[in-house]
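Participant: Before we start, here is the structure in question, set down as structure tokens.
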Amino acid sequence: MAAPLDQFISPQAQSAVIAGFFIAAGWWVVAFQSRRRDAKSRAERVRDVQRAIFAEIRAHVAVLERDQVQDYGAEIAERIIAEPGYFPVIPTEHNDAIFRAILSELHVLPRGTVDPVVLYYSQLNAIGAMIADLRVLDTAKIGPERAAAMYRDYISMKLGAIELGEAAMAAIRSNMDGTGRVSSPDAGRFSR
């Protein structure tokens with residue numbers, strides 16, 4: 001029994017066409033699977049980077065809230081004015097270790113997450129610069145009123161870090177999977 005295409009094309013050519021079809025279909029399947037695997041890998045990377053940044057921001061904001069920075073700052077500012085020569089020791093802060101470690105991965109973050117995260121960490125840099133300025137402050141030279149005003153500015157920057165941190169955490173929560181929706185099965189763990 002002859003194959004239906006034998007009168008138009010030789011059996012060898014039919015075999016070659018069929019083989020070519022299967023090879024081409026295989027390329028499409030492999031390409032599709034590669035794209036799926038790459039998308040899954042990227043989504044995992046986005047989640048990992050966001051979780052790490054979220055944890056770092058949450059820890060810092062929690063400390064600032066626990067320490068009641070506003071009340072503490074007001075007390076210290078009053079002491080600077082009331083007690084001649086008094087100025088507090090201000091420790092160096094490093095609340096961006098994870099951010100610095102994954103800075104090269106920042107490009108994987110969803111667009112709606114990048115801005116709030118960068119604003120928060122920019123605020124931390126500004127706080128670091130203010131700490132450096134306060135450490136070399138000559139209170140005898142500028143007077144207690146100005147020294148207290150600078151300290152209040154420092155506290156105000158820390159309060160701003162709380163707000164920016166909360167905004168960054170909200171952005172991360174809303175983009176946990178990079179698509180604008182929270183789909184991670186443990187995304188609830190990131191809520192406050």
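The chains in the structure tokens are called A, B, ... from first to last as shown; in each chain the residues are counted from 1, and the ligands are counted from 1 in the order shown.
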List as a PyMOL selection string the protein and nucleic acid residues near Met157 of chain A, meaning an atom at most 9 Å away when only C-alpha atoms are counted, but skip any in the same chain fewer than 5 places from it.
Facilitator: chain A and resi 123-124+126-127+130+152+162
Participant: Counting only C-alpha atoms, what is within 12 Å of Glu75 of chain A, bar same-chain residues fewer than 5 positions away, as a PDB file with N, CA and C atoms, in the first residue's frame?
Facilitator:
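Dumped to result_22.pdb:
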```pdb
ATOM      1  N   GLN A  68      10.719  55.108  70.703  1.00  0.00           N
ATOM      2  CA  GLN A  68       9.922  56.333  70.788  1.00  0.00           C
ATOM      3  C   GLN A  68      10.795  57.557  70.513  1.00  0.00           C
ATOM      4  N   VAL A  69      11.347  57.576  69.324  1.00  0.00           N
ATOM      5  CA  VAL A  69      12.336  58.560  68.914  1.00  0.00           C
ATOM      6  C   VAL A  69      11.875  59.993  69.134  1.00  0.00           C
ATOM      7  N   GLN A  70      10.627  60.270  68.848  1.00  0.00           N
ATOM      8  CA  GLN A  70      10.151  61.650  68.973  1.00  0.00           C
ATOM      9  C   GLN A  70      10.220  62.128  70.422  1.00  0.00           C
ATOM     10  N   ILE A  80      20.021  69.565  76.118  1.00  0.00           N
ATOM     11  CA  ILE A  80      21.081  70.322  75.442  1.00  0.00           C
ATOM     12  C   ILE A  80      20.976  71.795  75.811  1.00  0.00           C
ATOM     13  N   ILE A  81      19.742  72.301  75.866  1.00  0.00           N
ATOM     14  CA  ILE A  81      19.523  73.714  76.202  1.00  0.00           C
ATOM     15  C   ILE A  81      19.724  73.944  77.702  1.00  0.00           C
ATOM     16  N   ALA A  82      19.212  73.050  78.522  1.00  0.00           N
ATOM     17  CA  ALA A  82      19.203  73.259  79.977  1.00  0.00           C
ATOM     18  C   ALA A  82      20.546  72.979  80.654  1.00  0.00           C
ATOM     19  N   GLU A  83      21.306  72.037  80.138  1.00  0.00           N
ATOM     20  CA  GLU A  83      22.566  71.650  80.782  1.00  0.00           C
ATOM     21  C   GLU A  83      23.747  72.163  79.959  1.00  0.00           C
ATOM     22  N   PHE A  87      25.948  67.433  75.361  1.00  0.00           N
ATOM     23  CA  PHE A  87      25.517  66.991  74.042  1.00  0.00           C
ATOM     24  C   PHE A  87      25.660  65.479  74.032  1.00  0.00           C
ATOM     25  N   PRO A  88      24.654  64.748  73.558  1.00  0.00           N
ATOM     26  CA  PRO A  88      24.695  63.279  73.632  1.00  0.00           C
ATOM     27  C   PRO A  88      25.733  62.680  72.678  1.00  0.00           C
ATOM     28  N   ALA A 148      20.702  72.299  69.828  1.00  0.00           N
ATOM     29  CA  ALA A 148      19.425  71.609  70.047  1.00  0.00           C
ATOM     30  C   ALA A 148      18.611  71.572  68.752  1.00  0.00           C
ATOM     31  N   TYR A 151      19.981  68.908  66.602  1.00  0.00           N
ATOM     32  CA  TYR A 151      19.592  67.597  67.125  1.00  0.00           C
ATOM     33  C   TYR A 151      18.134  67.303  66.789  1.00  0.00           C
ATOM     34  N   ARG A 152      17.280  68.316  66.881  1.00  0.00           N
ATOM     35  CA  ARG A 152      15.866  68.131  66.494  1.00  0.00           C
ATOM     36  C   ARG A 152      15.756  67.758  65.019  1.00  0.00           C
ATOM     37  N   ILE A 155      16.522  64.123  64.729  1.00  0.00           N
ATOM     38  CA  ILE A 155      15.368  63.325  65.159  1.00  0.00           C
ATOM     39  C   ILE A 155      14.275  63.368  64.094  1.00  0.00           C
TER      40      ILE A 155
END
```
Participant: Could you pull the residues within 10 Å of segment 98-107 of chain A, counting only C-alpha atoms, minus those fewer than 6 positions along the same chain, as a list in words?
Facilitator: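 The filter keeps Arg45, Val46, Val49, Gln50, Ala52, Ile53, Phe54, Ala55, Glu56, Ile57, Thr113, Val114, Val117, Val118 and Tyr121 of chain A.
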Participant: Go ahead and write the residues just picked, N, CA and C atoms, as a JSON list (two decimals), in the first residue's frame.
Facilitator:
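File out-v8.json, as written:
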```
[["chain", "number", "residue", "atom", "x", "y", "z"],
["A", 45, "ARG", "N", 13.99, 35.28, 42.38],
["A", 45, "ARG", "CA", 15.01, 36.27, 42.72],
["A", 45, "ARG", "C", 14.36, 37.56, 43.23],
["A", 46, "VAL", "N", 13.29, 37.99, 42.56],
["A", 46, "VAL", "CA", 12.57, 39.19, 42.99],
["A", 46, "VAL", "C", 12.05, 38.99, 44.40],
["A", 49, "VAL", "N", 15.02, 39.01, 46.97],
["A", 49, "VAL", "CA", 15.57, 40.36, 47.18],
["A", 49, "VAL", "C", 14.59, 41.20, 47.99],
["A", 50, "GLN", "N", 13.32, 41.14, 47.63],
["A", 50, "GLN", "CA", 12.32, 41.94, 48.34],
["A", 50, "GLN", "C", 12.17, 41.48, 49.80],
["A", 52, "ALA", "N", 14.46, 40.13, 51.70],
["A", 52, "ALA", "CA", 15.64, 40.58, 52.44],
["A", 52, "ALA", "C", 15.55, 42.08, 52.76],
["A", 53, "ILE", "N", 15.20, 42.86, 51.77],
["A", 53, "ILE", "CA", 15.08, 44.31, 52.00],
["A", 53, "ILE", "C", 13.95, 44.60, 52.98],
["A", 54, "PHE", "N", 12.84, 43.90, 52.82],
["A", 54, "PHE", "CA", 11.70, 44.09, 53.72],
["A", 54, "PHE", "C", 12.12, 43.81, 55.17],
["A", 55, "ALA", "N", 12.83, 42.73, 55.38],
["A", 55, "ALA", "CA", 13.26, 42.36, 56.74],
["A", 55, "ALA", "C", 14.16, 43.43, 57.33],
["A", 56, "GLU", "N", 15.09, 43.95, 56.54],
["A", 56, "GLU", "CA", 16.00, 44.98, 57.04],
["A", 56, "GLU", "C", 15.25, 46.25, 57.39],
["A", 57, "ILE", "N", 14.35, 46.68, 56.51],
["A", 57, "ILE", "CA", 13.58, 47.90, 56.77],
["A", 57, "ILE", "C", 12.68, 47.70, 57.98],
["A", 113, "THR", "N", 8.36, 49.34, 43.34],
["A", 113, "THR", "CA", 9.06, 49.09, 44.60],
["A", 113, "THR", "C", 10.37, 49.87, 44.67],
["A", 114, "VAL", "N", 11.01, 50.08, 43.54],
["A", 114, "VAL", "CA", 12.34, 50.70, 43.52],
["A", 114, "VAL", "C", 12.33, 52.09, 44.16],
["A", 117, "VAL", "N", 11.93, 52.20, 48.03],
["A", 117, "VAL", "CA", 13.09, 51.58, 48.67],
["A", 117, "VAL", "C", 14.29, 52.52, 48.58],
["A", 118, "VAL", "N", 14.53, 53.08, 47.41],
["A", 118, "VAL", "CA", 15.66, 54.00, 47.24],
["A", 118, "VAL", "C", 15.47, 55.25, 48.10],
["A", 121, "TYR", "N", 16.42, 54.32, 51.73],
["A", 121, "TYR", "CA", 17.86, 54.19, 51.94],
["A", 121, "TYR", "C", 18.60, 55.51, 51.72]]
```
Participant: I need the residue nearest Asp115 of chain A from this list: A:Pro11, A:Glu44, A:Ile172, A:Asn95. Use only C-alpha atoms for the distance.
Facilitator: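 Checking each candidate against Asp115 of chain A, we get A:Ile172 as the closest.
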Participant: Running DSSP on the backbone, which parts of chain A land in alpha helix (DSSP H), as an MDAnalysis selection string?
Facilitator: chainID A and resid 11:66 69:82 97:101 111:135 139:142 144:174
